[in-house]
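Shown next: work-v3.pdb, containing PDB, C-alpha atoms, pLDDT in the B column.
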```pdb
ATOM      1  CA  MET J   1       0.000   0.000   0.000  1.00 79.00           C
ATOM      2  CA  ASN J   2       1.582   3.243  -1.078  1.00 90.00           C
ATOM      3  CA  ARG J   3       1.050   6.806   0.144  1.00 91.00           C
ATOM      4  CA  ALA J   4      -1.692   7.603  -2.422  1.00 90.00           C
ATOM      5  CA  ASP J   5      -3.741   4.609  -1.237  1.00 91.00           C
ATOM      6  CA  LYS J   6      -3.541   5.804   2.378  1.00 91.00           C
ATOM      7  CA  ILE J   7      -4.649   9.298   1.365  1.00 94.00           C
ATOM      8  CA  PHE J   8      -7.522   7.889  -0.680  1.00 94.00           C
ATOM      9  CA  ILE J   9      -8.692   5.664   2.212  1.00 94.00           C
ATOM     10  CA  SER J  10      -8.530   8.607   4.641  1.00 95.00           C
ATOM     11  CA  ILE J  11     -10.610  10.766   2.280  1.00 95.00           C
ATOM     12  CA  VAL J  12     -13.233   8.013   1.893  1.00 94.00           C
ATOM     13  CA  VAL J  13     -13.444   7.530   5.682  1.00 93.00           C
ATOM     14  CA  ALA J  14     -13.717  11.299   6.281  1.00 93.00           C
ATOM     15  CA  CYS J  15     -16.468  11.638   3.636  1.00 91.00           C
ATOM     16  CA  SER J  16     -18.349   8.696   5.131  1.00 89.00           C
ATOM     17  CA  ILE J  17     -18.281  10.300   8.569  1.00 89.00           C
ATOM     18  CA  LEU J  18     -19.361  13.678   7.164  1.00 89.00           C
ATOM     19  CA  PHE J  19     -22.321  12.095   5.351  1.00 86.00           C
ATOM     20  CA  TYR J  20     -23.322  10.108   8.439  1.00 85.00           C
ATOM     21  CA  VAL J  21     -23.513  13.106  10.806  1.00 83.00           C
ATOM     22  CA  PRO J  22     -26.608  14.695   9.150  1.00 81.00           C
ATOM     23  CA  LEU J  23     -28.475  11.377   9.443  1.00 79.00           C
ATOM     24  CA  ILE J  24     -27.820  11.239  13.181  1.00 80.00           C
ATOM     25  CA  TRP J  25     -28.819  14.886  13.554  1.00 78.00           C
ATOM     26  CA  SER J  26     -32.066  14.312  11.628  1.00 72.00           C
ATOM     27  CA  ALA J  27     -32.981  11.271  13.725  1.00 70.00           C
ATOM     28  CA  TYR J  28     -32.238  13.170  16.949  1.00 73.00           C
ATOM     29  CA  ARG J  29     -34.285  16.177  15.814  1.00 71.00           C
ATOM     30  CA  ASN J  30     -37.377  14.057  15.026  1.00 63.00           C
ATOM     31  CA  LYS J  31     -37.143  11.933  18.177  1.00 64.00           C
ATOM     32  CA  ASP J  32     -39.719  13.873  20.216  1.00 64.00           C
ATOM     33  CA  ASN J  33     -41.877  14.780  17.226  1.00 71.00           C
ATOM     34  CA  VAL J  34     -45.526  13.760  17.733  1.00 79.00           C
ATOM     35  CA  LYS J  35     -47.761  13.641  14.675  1.00 85.00           C
ATOM     36  CA  GLU J  36     -51.548  13.715  14.829  1.00 90.00           C
ATOM     37  CA  VAL J  37     -54.270  13.302  12.245  1.00 91.00           C
ATOM     38  CA  VAL J  38     -56.727  16.196  12.308  1.00 92.00           C
ATOM     39  CA  VAL J  39     -60.056  15.889  10.501  1.00 93.00           C
ATOM     40  CA  SER J  40     -62.075  19.065   9.925  1.00 94.00           C
ATOM     41  CA  PHE J  41     -65.647  19.506   8.710  1.00 93.00           C
ATOM     42  CA  LYS J  42     -66.496  23.008   7.462  1.00 89.00           C
ATOM     43  CA  ASP J  43     -63.466  24.513   9.257  1.00 86.00           C
ATOM     44  CA  GLN J  44     -64.356  22.859  12.582  1.00 91.00           C
ATOM     45  CA  GLU J  45     -62.157  20.136  14.016  1.00 92.00           C
ATOM     46  CA  ILE J  46     -64.165  16.946  14.515  1.00 92.00           C
ATOM     47  CA  LEU J  47     -61.408  14.370  15.079  1.00 90.00           C
ATOM     48  CA  ARG J  48     -57.825  14.428  16.366  1.00 91.00           C
ATOM     49  CA  GLU J  49     -55.916  11.166  16.786  1.00 89.00           C
ATOM     50  CA  LYS J  50     -52.271  10.124  17.002  1.00 88.00           C
ATOM     51  CA  ILE J  51     -50.944   8.795  13.725  1.00 87.00           C
ATOM     52  CA  ASP J  52     -49.217   5.781  15.290  1.00 86.00           C
ATOM     53  CA  ILE J  53     -52.523   4.169  16.390  1.00 85.00           C
ATOM     54  CA  ASP J  54     -54.024   1.976  13.656  1.00 89.00           C
ATOM     55  CA  HIS J  55     -57.785   2.477  13.457  1.00 90.00           C
ATOM     56  CA  VAL J  56     -60.667   3.182  11.088  1.00 93.00           C
ATOM     57  CA  TYR J  57     -62.939   6.165  11.786  1.00 92.00           C
ATOM     58  CA  LYS J  58     -66.241   7.218  10.260  1.00 93.00           C
ATOM     59  CA  VAL J  59     -67.125  10.893  10.176  1.00 92.00           C
ATOM     60  CA  LYS J  60     -70.152  12.620   8.736  1.00 91.00           C
ATOM     61  CA  GLY J  61     -69.627  14.618   5.554  1.00 89.00           C
ATOM     62  CA  THR J  62     -72.050  16.741   3.559  1.00 89.00           C
ATOM     63  CA  LEU J  63     -72.913  13.931   1.113  1.00 89.00           C
ATOM     64  CA  GLY J  64     -72.739  11.063   3.611  1.00 89.00           C
ATOM     65  CA  PRO J  65     -70.294   9.140   5.802  1.00 91.00           C
ATOM     66  CA  VAL J  66     -66.557   9.340   5.131  1.00 91.00           C
ATOM     67  CA  THR J  67     -64.342   6.448   6.262  1.00 93.00           C
ATOM     68  CA  ILE J  68     -60.816   7.475   7.297  1.00 93.00           C
ATOM     69  CA  GLU J  69     -58.150   4.830   7.889  1.00 93.00           C
ATOM     70  CA  ILE J  70     -54.951   5.319   9.895  1.00 92.00           C
ATOM     71  CA  LYS J  71     -52.405   2.545   9.448  1.00 91.00           C
ATOM     72  CA  ASN J  72     -48.592   2.296   9.688  1.00 90.00           C
ATOM     73  CA  SER J  73     -48.256   6.041  10.445  1.00 86.00           C
ATOM     74  CA  LYS J  74     -50.147   6.934   7.251  1.00 91.00           C
ATOM     75  CA  VAL J  75     -53.691   8.149   6.661  1.00 93.00           C
ATOM     76  CA  ARG J  76     -56.140   7.865   3.774  1.00 92.00           C
ATOM     77  CA  VAL J  77     -59.809   8.323   2.946  1.00 92.00           C
ATOM     78  CA  GLU J  78     -60.881   4.743   2.454  1.00 91.00           C
ATOM     79  CA  LYS J  79     -64.487   5.231   1.414  1.00 90.00           C
ATOM     80  CA  GLU J  80     -66.669   8.266   0.772  1.00 89.00           C
ATOM     81  CA  THR J  81     -69.690   9.397  -1.162  1.00 85.00           C
ATOM     82  CA  SER J  82     -68.858  11.910  -3.857  1.00 83.00           C
ATOM     83  CA  PRO J  83     -69.367  12.109  -7.629  1.00 83.00           C
ATOM     84  CA  ASN J  84     -65.814  11.243  -8.755  1.00 85.00           C
ATOM     85  CA  HIS J  85     -64.387   9.710  -5.530  1.00 84.00           C
ATOM     86  CA  LEU J  86     -61.430  12.092  -5.684  1.00 83.00           C
ATOM     87  CA  CYS J  87     -60.831  11.891  -1.933  1.00 85.00           C
ATOM     88  CA  SER J  88     -60.187   8.167  -1.908  1.00 87.00           C
ATOM     89  CA  ILE J  89     -58.103   8.338  -5.107  1.00 88.00           C
ATOM     90  CA  GLN J  90     -55.538  10.574  -3.336  1.00 87.00           C
ATOM     91  CA  GLY J  91     -54.248   7.508  -1.450  1.00 89.00           C
ATOM     92  CA  TRP J  92     -52.011   7.296   1.583  1.00 91.00           C
ATOM     93  CA  VAL J  93     -50.444  10.418   3.084  1.00 89.00           C
ATOM     94  CA  SER J  94     -47.638  10.488   5.651  1.00 85.00           C
ATOM     95  CA  GLU J  95     -46.221  14.012   5.317  1.00 82.00           C
ATOM     96  CA  SER J  96     -47.530  16.976   7.254  1.00 79.00           C
ATOM     97  CA  ASN J  97     -47.573  19.265   4.205  1.00 80.00           C
ATOM     98  CA  ARG J  98     -49.954  17.122   2.059  1.00 86.00           C
ATOM     99  CA  PRO J  99     -53.577  17.393   3.182  1.00 90.00           C
ATOM    100  CA  ILE J 100     -56.406  15.267   1.831  1.00 91.00           C
ATOM    101  CA  VAL J 101     -59.166  17.627   0.734  1.00 90.00           C
ATOM    102  CA  CYS J 102     -62.646  16.297   0.017  1.00 89.00           C
ATOM    103  CA  LEU J 103     -64.547  19.338  -1.220  1.00 87.00           C
ATOM    104  CA  PRO J 104     -67.883  17.652  -2.015  1.00 86.00           C
ATOM    105  CA  ASN J 105     -68.051  16.423   1.592  1.00 89.00           C
ATOM    106  CA  ASN J 106     -66.386  19.530   3.146  1.00 90.00           C
ATOM    107  CA  ILE J 107     -63.826  17.272   4.851  1.00 92.00           C
ATOM    108  CA  VAL J 108     -60.118  18.062   5.223  1.00 93.00           C
ATOM    109  CA  VAL J 109     -57.696  15.462   6.618  1.00 92.00           C
ATOM    110  CA  GLU J 110     -54.329  16.868   7.736  1.00 91.00           C
ATOM    111  CA  ILE J 111     -51.298  15.597   9.587  1.00 89.00           C
ATOM    112  CA  LYS J 112     -50.197  18.075  12.230  1.00 87.00           C
ATOM    113  CA  SER J 113     -46.751  17.892  13.775  1.00 80.00           C
ATOM    114  CA  SER J 114     -45.706  19.030  17.231  1.00 70.00           C
ATOM    115  CA  ASN J 115     -42.588  20.424  15.589  1.00 62.00           C
ATOM    116  CA  SER J 116     -43.575  23.583  13.738  1.00 54.00           C
ATOM    117  CA  VAL J 117     -40.577  23.281  11.398  1.00 52.00           C
ATOM    118  CA  ASP J 118     -42.159  20.212   9.756  1.00 48.00           C
ATOM    119  CA  ASP J 119     -45.401  22.083   9.093  1.00 47.00           C
ATOM    120  CA  GLU J 120     -43.716  24.831   7.125  1.00 51.00           C
ATOM    121  CA  VAL J 121     -43.677  24.608   3.363  1.00 53.00           C
ATOM    122  CA  ASP J 122     -40.214  24.968   1.899  1.00 53.00           C
ATOM    123  CA  THR J 123     -41.213  26.300  -1.500  1.00 60.00           C
ATOM    124  CA  VAL J 124     -42.240  29.696  -2.784  1.00 56.00           C
ATOM    125  CA  ILE J 125     -44.919  30.064  -5.434  1.00 62.00           C
ATOM    126  CA  GLN J 126     -45.052  33.306  -7.352  1.00 58.00           C
TER     127      GLN J 126
END
```
Please go through the file and, once you have read it, give me the structure as structure tokens.
Amino acid sequence: MNRADKIFISIVVACSILFYVPLIWSAYRNKDNVKEVVVSFKDQEILREKIDIDHVYKVKGTLGPVTIEIKNSKVRVEKETSPNHLCSIQGWVSESNRPIVCLPNNIVVEIKSSNSVDDEVDTVIQ
């Protein structure tokens, strides 16, 4: 093993450590983060549950009952009554910046985070 090999190995080890540090920091930052599913009907909160509890809920919408499923820290509208079933087509959501909006039923399903940094949108639309 010559000197160039030793330098190359040291650079690879240093880069590996530098790339590993942000992962540890991210895991530590999200350790105490509590996420909840918030369901609103006409701007009034009707349901608030932790996202880590698997359960199926039925809430009343404008056009009929809306079935909301929480499973594996994700949420979706499983079944609803609307003309095009757009709410259930949206599928599973796990991020706090992607709400499920069911306009025909006036239902909004959001994931709220105890950490306000996660709720902020990191894009600018002009």
(request) Rank J:Ser94, J:Val66, J:Val39, J:Lys74 by their smallest atom-to-atom distance to Asp54 in chain J, using all atoms listed in the file, and report the top residue only. (result)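 Checking each of J:Ser94, J:Val66, J:Val39, J:Lys74 against Asp54 in chain J, counting all atoms listed in the file, the winner is J:Lys74.
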(request) Find the residue from J:Cys15, J:Gly61, J:Val75, J:Trp25 that sits nearest to Lys42 in chain J; use all atoms listed in the file when measuring. (result)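 Residue with the minimum atom-to-atom distance to Lys42 in chain J: J:Gly61.
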Around all the atoms of range 59-62 of chain J listed in the file, draw an axis-aligned box and extend it by 5 Å on each of the six sides; I want its centre and edge lengths in Å to one decimal, as AutoDock Vina command-line options.
```
--center_x -69.6 --center_y 13.8 --center_z 6.9 --size_x 14.9 --size_y 15.8 --size_z 16.6
```
(request) Please write the residues picked by the PyMOL selection byres ((chain J and resi 65) around 12) on this file as a PyMOL selection string. (result) chain J and resi 41+57-64+66-68+77-82+102+104-107
(request) Go through J:Val56, J:Ile17, J:Cys87, J:Ser96 and flag the residue nearest Ser114 in chain J, using all atoms listed in the file for the distances. (result)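 Among J:Val56, J:Ile17, J:Cys87, J:Ser96, it is J:Ser96 that comes nearest to Ser114 in chain J.
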(message) Counting only C-alpha atoms, I want the residues whose atoms come within 6 Å of (-57.6, 14.7, 9.2) in the file frame, returned as a ChimeraX atom specification.
(response) /J:37-39,108-110
(request) Please indicate the distance in Å from CA of Lys50 in chain J to CA of Lys35 in chain J, rounded to one decimal place. (result)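 Going from CA of Lys50 in chain J over to CA of Lys35 in chain J covers 6.2 Å.
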(request) Can you work out the spacing between CA of Leu18 in chain J and CA of Arg3 in chain J in Å, to one decimal? (result) 22.7 Å
(request) Find the distance between CA of Ile100 in chain J and CA of Leu23 in chain J and write it in Å to one decimal. (result)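 Those two atoms sit 29.2 Å apart.
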(message) Here is a test: counting all atoms listed in the file, which residue of J:Tyr28, J:Arg48, J:Asp43, J:Ile111 is nearest to Ser73 in chain J?
(response)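 Distance minimum relative to Ser73 in chain J lands on J:Ile111.
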(message) Take the PyMOL selection byres ((chain J and resi 53) around 9), run it mentally on this structure, and tell me the resulting residues as a list in words.
(response)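 With the PyMOL selection byres ((chain J and resi 53) around 9) on this model, the match is Glu49, Lys50, Ile51, Asp52, Asp54, His55, Ile70, Lys71, Asn72 and Ser73 of chain J.
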